[in-house]
Amino acid sequence: MSNTSRHDWICKRAYAIWEAEGRPNGRDAEHWLQATAERDRLERTRASTDGNEVLVKFRPKAPEPRKPAAQIAERHKLPRAV
C-alpha cells in the first residue's frame, strides 16, 4: 500500500468521525489519531477495506504447557559434595 492511499484513507476516516460527532471544533488531532489507529488495526488483519472479510494475521501464540516442578528441580539440581 502506498503512503498516499493510506494518507487519503486516514483523511476520509477522520472526516467521517468528525461528522459523526457533530462537527465539533478543536478535535481534529483526536479524530486523526483515532483514524490512524483504526487504519493500523486494519493493516494488521487481512481485511477488506469495507470490513466484509476479517481474518486475523497475527494470532497470539499459545502458552507453552507448564512443566512439573519435579522436572525443573531435577534439571537444576547441584551435584553433591563427597
# chains A, B, ... in the order shown; residues from 1 in each chain; ligands from 1

$ residues_around --residues "segment 15-23 of chain A" --least-positions-apart "6" --cutoff "10 Å" --atoms "only C-alpha atoms" --output "list in words"
Trp9, Glu30, His31, Trp32, Gln34 and Ala35 of chain A

$ write_last_selection --atoms "N, CA and C atoms" --output "CSV table (one decimal), in the first residue's frame"
chain,number,residue,atom,x,y,z
A,9,TRP,N,-7.0,7.5,3.0
A,9,TRP,CA,-7.9,6.7,3.8
A,9,TRP,C,-8.1,7.4,5.2
A,30,GLU,N,-7.5,14.6,17.6
A,30,GLU,CA,-8.1,13.4,18.2
A,30,GLU,C,-8.7,12.5,17.2
A,31,HIS,N,-9.4,13.2,16.2
A,31,HIS,CA,-10.0,12.4,15.1
A,31,HIS,C,-9.0,11.8,14.2
A,32,TRP,N,-7.9,12.5,14.0
A,32,TRP,CA,-6.8,12.0,13.2
A,32,TRP,C,-6.1,10.8,13.8
A,34,GLN,N,-7.5,8.8,16.0
A,34,GLN,CA,-8.4,7.7,16.0
A,34,GLN,C,-8.4,7.0,14.7
A,35,ALA,N,-8.5,7.8,13.6
A,35,ALA,CA,-8.5,7.2,12.3
A,35,ALA,C,-7.2,6.5,12.0

$ atom_distance --atom1 "atom CA of Asp28 of chain A" --atom2 "atom CA of Thr45 of chain A"
26.2 Å
